[in-house]
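Contents: one structure, followed by commentary.
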Amino acid sequence: MSLDVSPALLEQAERGEVDEADFVDCVRTSLPFAWEMISSLVAQLKVDGGQFADNQTPPPDEHARGQLLRALASDAIRGALQRHFGVRLAFQNCHRVAVFPLDSSVDETLARFTSVRNQLLNQSPELRDC
């Protein structure tokens with residue numbers, strides 16, 4: 001799954017530095033399922049409070065799953081999304097995305113969420129091929 005890069009954004013990259021807001025907009029339009037999921041989790045975290053908000057519903061199809069994988073597997077995309085939304089992102093399996101506030105008071109919760117133990121506990125036979 002690749003980003004749909006406009007000629008203007010590509011030209012920016014060829015000249016040197018890219019405006020991160022333009023890059024984030026490219027991600028938003030190229031990966032709408034991933035964008036909507038992360039946006040809704042950020043909104044949920046703001047409304048509900050707590051230490052994190054996460055999604056446990058598998059994507060509706062492989063195209064949507066691919067968008068999540070693309071957004072969260074790329075350091076550049078993931079970093080830009082974290083800066084844009086002001087959160088830390090965590091990812092398990094091929095659909096469990098979580099957003100954590102930047103507040104250091106949730107560091108232990110984030111460490112548990114991303115631990116080897118919790119990765120193993122979050123496995124299921126239905127997700128074997130995701």
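Every chain in the structure tokens has a letter given in the order shown (A, B, ...), and although residue numbers restart at 1 in each chain, ligands are simply numbered from 1 in the order shown.
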I'd like the contact shell of stretch 67-83 of chain A - 9 Å cut-off, only C-alpha atoms, skipping same-chain residues fewer than 5 positions apart - returned as a PDB file with N, CA, C and O atoms, in the first residue's frame.
ATOM      1  N   MET A   1       0.862  -1.167   0.000  1.00  0.00           N
ATOM      2  CA  MET A   1       0.000   0.000   0.000  1.00  0.00           C
ATOM      3  C   MET A   1       0.905   1.225   0.000  1.00  0.00           C
ATOM      4  O   MET A   1       1.675   1.425   0.910  1.00  0.00           O
ATOM      5  N   SER A   2       0.800   2.009  -1.025  1.00  0.00           N
ATOM      6  CA  SER A   2       1.627   3.200  -1.159  1.00  0.00           C
ATOM      7  C   SER A   2       0.782   4.445  -0.943  1.00  0.00           C
ATOM      8  O   SER A   2      -0.434   4.401  -1.052  1.00  0.00           O
ATOM      9  N   LEU A   3       1.451   5.528  -0.645  1.00  0.00           N
ATOM     10  CA  LEU A   3       0.760   6.810  -0.520  1.00  0.00           C
ATOM     11  C   LEU A   3       0.490   7.385  -1.904  1.00  0.00           C
ATOM     12  O   LEU A   3       1.268   7.182  -2.833  1.00  0.00           O
ATOM     13  N   GLU A  20       5.592  19.171   7.010  1.00  0.00           N
ATOM     14  CA  GLU A  20       4.949  18.015   7.629  1.00  0.00           C
ATOM     15  C   GLU A  20       3.425  18.073   7.509  1.00  0.00           C
ATOM     16  O   GLU A  20       2.783  17.025   7.376  1.00  0.00           O
ATOM     17  N   ALA A  21       2.851  19.249   7.531  1.00  0.00           N
ATOM     18  CA  ALA A  21       1.393  19.354   7.382  1.00  0.00           C
ATOM     19  C   ALA A  21       0.962  18.820   6.014  1.00  0.00           C
ATOM     20  O   ALA A  21      -0.071  18.159   5.897  1.00  0.00           O
ATOM     21  N   PHE A  23       2.595  16.514   4.328  1.00  0.00           N
ATOM     22  CA  PHE A  23       2.776  15.068   4.414  1.00  0.00           C
ATOM     23  C   PHE A  23       1.606  14.424   5.161  1.00  0.00           C
ATOM     24  O   PHE A  23       1.057  13.412   4.720  1.00  0.00           O
ATOM     25  N   VAL A  24       1.208  15.022   6.267  1.00  0.00           N
ATOM     26  CA  VAL A  24       0.083  14.491   7.047  1.00  0.00           C
ATOM     27  C   VAL A  24      -1.191  14.498   6.197  1.00  0.00           C
ATOM     28  O   VAL A  24      -1.970  13.539   6.239  1.00  0.00           O
ATOM     29  N   VAL A  27      -1.096  11.556   3.943  1.00  0.00           N
ATOM     30  CA  VAL A  27      -1.445  10.339   4.680  1.00  0.00           C
ATOM     31  C   VAL A  27      -2.962  10.268   4.874  1.00  0.00           C
ATOM     32  O   VAL A  27      -3.578   9.227   4.661  1.00  0.00           O
ATOM     33  N   SER A  30      -4.550   9.387   1.539  1.00  0.00           N
ATOM     34  CA  SER A  30      -4.112   8.103   0.997  1.00  0.00           C
ATOM     35  C   SER A  30      -4.566   6.915   1.830  1.00  0.00           C
ATOM     36  O   SER A  30      -4.786   5.826   1.293  1.00  0.00           O
ATOM     37  N   LEU A  31      -4.678   7.113   3.127  1.00  0.00           N
ATOM     38  CA  LEU A  31      -4.999   6.020   4.048  1.00  0.00           C
ATOM     39  C   LEU A  31      -6.222   6.396   4.890  1.00  0.00           C
ATOM     40  O   LEU A  31      -6.149   6.514   6.117  1.00  0.00           O
ATOM     41  N   PRO A  32      -7.379   6.599   4.249  1.00  0.00           N
ATOM     42  CA  PRO A  32      -8.542   7.115   4.981  1.00  0.00           C
ATOM     43  C   PRO A  32      -9.045   6.196   6.096  1.00  0.00           C
ATOM     44  O   PRO A  32      -9.508   6.692   7.128  1.00  0.00           O
ATOM     45  N   PHE A  33      -8.962   4.896   5.922  1.00  0.00           N
ATOM     46  CA  PHE A  33      -9.421   3.999   6.997  1.00  0.00           C
ATOM     47  C   PHE A  33      -8.524   4.140   8.218  1.00  0.00           C
ATOM     48  O   PHE A  33      -9.016   4.284   9.347  1.00  0.00           O
ATOM     49  N   ALA A  34      -7.223   4.115   8.004  1.00  0.00           N
ATOM     50  CA  ALA A  34      -6.284   4.262   9.123  1.00  0.00           C
ATOM     51  C   ALA A  34      -6.453   5.629   9.781  1.00  0.00           C
ATOM     52  O   ALA A  34      -6.470   5.740  11.014  1.00  0.00           O
ATOM     53  N   TRP A  35      -6.597   6.663   8.979  1.00  0.00           N
ATOM     54  CA  TRP A  35      -6.770   8.014   9.501  1.00  0.00           C
ATOM     55  C   TRP A  35      -8.018   8.091  10.375  1.00  0.00           C
ATOM     56  O   TRP A  35      -7.981   8.635  11.481  1.00  0.00           O
ATOM     57  N   MET A  37      -9.637   5.675  11.889  1.00  0.00           N
ATOM     58  CA  MET A  37      -9.509   4.891  13.116  1.00  0.00           C
ATOM     59  C   MET A  37      -8.697   5.650  14.160  1.00  0.00           C
ATOM     60  O   MET A  37      -9.096   5.761  15.314  1.00  0.00           O
ATOM     61  N   ILE A  38      -7.568   6.175  13.754  1.00  0.00           N
ATOM     62  CA  ILE A  38      -6.717   6.901  14.702  1.00  0.00           C
ATOM     63  C   ILE A  38      -7.421   8.166  15.179  1.00  0.00           C
ATOM     64  O   ILE A  38      -7.427   8.465  16.378  1.00  0.00           O
ATOM     65  N   PRO A  59     -10.402  -4.864  10.885  1.00  0.00           N
ATOM     66  CA  PRO A  59     -10.830  -4.070   9.730  1.00  0.00           C
ATOM     67  C   PRO A  59     -11.814  -4.850   8.870  1.00  0.00           C
ATOM     68  O   PRO A  59     -11.800  -6.083   8.864  1.00  0.00           O
ATOM     69  N   GLU A  62      -9.244  -6.555   3.568  1.00  0.00           N
ATOM     70  CA  GLU A  62      -7.779  -6.541   3.475  1.00  0.00           C
ATOM     71  C   GLU A  62      -7.233  -5.167   3.077  1.00  0.00           C
ATOM     72  O   GLU A  62      -6.142  -4.791   3.483  1.00  0.00           O
ATOM     73  N   ARG A  88       0.851   9.060  21.568  1.00  0.00           N
ATOM     74  CA  ARG A  88       1.753   7.957  21.221  1.00  0.00           C
ATOM     75  C   ARG A  88       0.877   6.816  20.704  1.00  0.00           C
ATOM     76  O   ARG A  88      -0.174   6.536  21.276  1.00  0.00           O
ATOM     77  N   LEU A  89       1.298   6.199  19.631  1.00  0.00           N
ATOM     78  CA  LEU A  89       0.555   5.098  19.033  1.00  0.00           C
ATOM     79  C   LEU A  89       1.197   3.770  19.407  1.00  0.00           C
ATOM     80  O   LEU A  89       2.420   3.660  19.467  1.00  0.00           O
ATOM     81  N   ALA A  90       0.359   2.788  19.635  1.00  0.00           N
ATOM     82  CA  ALA A  90       0.821   1.421  19.871  1.00  0.00           C
ATOM     83  C   ALA A  90       0.004   0.506  18.979  1.00  0.00           C
ATOM     84  O   ALA A  90      -1.129   0.818  18.618  1.00  0.00           O
ATOM     85  N   PHE A  91       0.572  -0.659  18.648  1.00  0.00           N
ATOM     86  CA  PHE A  91      -0.040  -1.522  17.648  1.00  0.00           C
ATOM     87  C   PHE A  91       0.211  -2.979  18.004  1.00  0.00           C
ATOM     88  O   PHE A  91       1.342  -3.355  18.299  1.00  0.00           O
ATOM     89  N   CYS A  94      -2.893  -7.136  13.737  1.00  0.00           N
ATOM     90  CA  CYS A  94      -3.037  -6.377  12.495  1.00  0.00           C
ATOM     91  C   CYS A  94      -4.217  -5.420  12.577  1.00  0.00           C
ATOM     92  O   CYS A  94      -4.686  -4.925  11.569  1.00  0.00           O
ATOM     93  N   HIS A  95      -4.700  -5.171  13.791  1.00  0.00           N
ATOM     94  CA  HIS A  95      -5.826  -4.245  13.908  1.00  0.00           C
ATOM     95  C   HIS A  95      -5.912  -3.548  15.255  1.00  0.00           C
ATOM     96  O   HIS A  95      -6.593  -2.550  15.366  1.00  0.00           O
ATOM     97  N   VAL A  97      -5.057  -1.086  17.409  1.00  0.00           N
ATOM     98  CA  VAL A  97      -4.358   0.192  17.494  1.00  0.00           C
ATOM     99  C   VAL A  97      -4.779   0.854  18.807  1.00  0.00           C
ATOM    100  O   VAL A  97      -5.949   0.799  19.178  1.00  0.00           O
ATOM    101  N   VAL A  99      -4.108   4.520  21.276  1.00  0.00           N
ATOM    102  CA  VAL A  99      -3.518   5.846  21.421  1.00  0.00           C
ATOM    103  C   VAL A  99      -3.343   6.123  22.915  1.00  0.00           C
ATOM    104  O   VAL A  99      -4.230   5.845  23.716  1.00  0.00           O
TER     105      VAL A  99
END
Original post:
So which residues of stretch 16-71 of chain A fall under alpha helix (DSSP H) by DSSP, listed as a ChimeraX atom specification?
Top reply: /A:20-30,32-48,62-71
Just C-alpha atoms for this one: save the residues we selected as a PDB file, in the first residue's frame.
ATOM      1  CA  GLU A  20       4.949  18.015   7.629  1.00  0.00           C
ATOM      2  CA  ALA A  21       1.393  19.354   7.382  1.00  0.00           C
ATOM      3  CA  ASP A  22       1.450  18.551   3.650  1.00  0.00           C
ATOM      4  CA  PHE A  23       2.776  15.068   4.414  1.00  0.00           C
ATOM      5  CA  VAL A  24       0.083  14.491   7.047  1.00  0.00           C
ATOM      6  CA  ASP A  25      -2.569  15.581   4.533  1.00  0.00           C
ATOM      7  CA  CYS A  26      -1.139  13.077   2.043  1.00  0.00           C
ATOM      8  CA  VAL A  27      -1.445  10.339   4.680  1.00  0.00           C
ATOM      9  CA  ARG A  28      -5.013  11.445   5.497  1.00  0.00           C
ATOM     10  CA  THR A  29      -6.138  11.216   1.885  1.00  0.00           C
ATOM     11  CA  SER A  30      -4.112   8.103   0.997  1.00  0.00           C
ATOM     12  CA  PRO A  32      -8.542   7.115   4.981  1.00  0.00           C
ATOM     13  CA  PHE A  33      -9.421   3.999   6.997  1.00  0.00           C
ATOM     14  CA  ALA A  34      -6.284   4.262   9.123  1.00  0.00           C
ATOM     15  CA  TRP A  35      -6.770   8.014   9.501  1.00  0.00           C
ATOM     16  CA  GLU A  36     -10.378   7.613  10.623  1.00  0.00           C
ATOM     17  CA  MET A  37      -9.509   4.891  13.116  1.00  0.00           C
ATOM     18  CA  ILE A  38      -6.717   6.901  14.702  1.00  0.00           C
ATOM     19  CA  SER A  39      -8.807  10.098  14.665  1.00  0.00           C
ATOM     20  CA  SER A  40     -11.711   8.359  16.370  1.00  0.00           C
ATOM     21  CA  LEU A  41      -9.442   6.842  19.016  1.00  0.00           C
ATOM     22  CA  VAL A  42      -7.915  10.248  19.732  1.00  0.00           C
ATOM     23  CA  ALA A  43     -11.430  11.704  20.101  1.00  0.00           C
ATOM     24  CA  GLN A  44     -12.452   8.801  22.338  1.00  0.00           C
ATOM     25  CA  LEU A  45      -9.412   9.347  24.550  1.00  0.00           C
ATOM     26  CA  LYS A  46     -10.231  13.050  24.879  1.00  0.00           C
ATOM     27  CA  VAL A  47     -13.880  12.396  25.721  1.00  0.00           C
ATOM     28  CA  ASP A  48     -13.479   9.364  27.967  1.00  0.00           C
ATOM     29  CA  GLU A  62      -7.779  -6.541   3.475  1.00  0.00           C
ATOM     30  CA  HIS A  63      -7.557  -3.091   1.903  1.00  0.00           C
ATOM     31  CA  ALA A  64      -8.415  -1.456   5.237  1.00  0.00           C
ATOM     32  CA  ARG A  65      -6.022  -3.780   7.073  1.00  0.00           C
ATOM     33  CA  GLY A  66      -3.296  -2.794   4.624  1.00  0.00           C
ATOM     34  CA  GLN A  67      -3.871   0.863   5.425  1.00  0.00           C
ATOM     35  CA  LEU A  68      -3.355   0.235   9.137  1.00  0.00           C
ATOM     36  CA  LEU A  69      -0.220  -1.766   8.476  1.00  0.00           C
ATOM     37  CA  ARG A  70       1.143   0.954   6.196  1.00  0.00           C
ATOM     38  CA  ALA A  71       0.416   3.744   8.651  1.00  0.00           C
TER      39      ALA A  71
END
Subject >> Surrounding residues of stretch 107-114 of chain A excluding itself and chain neighbours under 6 positions, 12 Å, only C-alpha atoms, as an MDAnalysis selection string >> reply: chainID A and resid 50:54 87:93 96:101 120:122
Original post:
Rounded to one decimal in Å, what is the spacing between atom CA of A:Gln56 and atom CA of A:His84?
Top reply: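 Between atom CA of A:Gln56 and atom CA of A:His84 the gap is 22.9 Å.
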**OP:** Run DSSP on the backbone and grab whatever in stretch 11-129 of chain A lands in strand (DSSP E or B); send it over as a list in words.
**Re:**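 Taking stretch 11-129 of chain A and keeping strand (DSSP E or B) gives Ala53, Asp54, Val87, Arg88, Leu89, Ala90, Phe91, Gln92, Arg96, Val97, Ala98, Val99, Phe100 and Pro101 of chain A.
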With C-alpha atoms retained, could you export that selection as a CSV table (one decimal), in the first residue's frame?
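Below is the file out.csv, written as the result:
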chain,number,residue,atom,x,y,z
A,53,ALA,CA,-8.1,4.2,23.9
A,54,ASP,CA,-7.9,1.2,21.6
A,87,VAL,CA,-0.4,11.1,21.2
A,88,ARG,CA,1.8,8.0,21.2
A,89,LEU,CA,0.6,5.1,19.0
A,90,ALA,CA,0.8,1.4,19.9
A,91,PHE,CA,0.0,-1.5,17.6
A,92,GLN,CA,-0.7,-5.2,18.2
A,96,ARG,CA,-5.4,-3.4,17.6
A,97,VAL,CA,-4.4,0.2,17.5
A,98,ALA,CA,-4.1,2.2,20.7
A,99,VAL,CA,-3.5,5.8,21.4
A,100,PHE,CA,-1.8,7.0,24.6
A,101,PRO,CA,-1.5,10.6,25.8
Subject >> Atomic distance atom CA of A:Asp103 - atom CA of A:Arg117, expressed in Å with one decimal >> reply: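 Distance between the two atoms: 23.4 Å.
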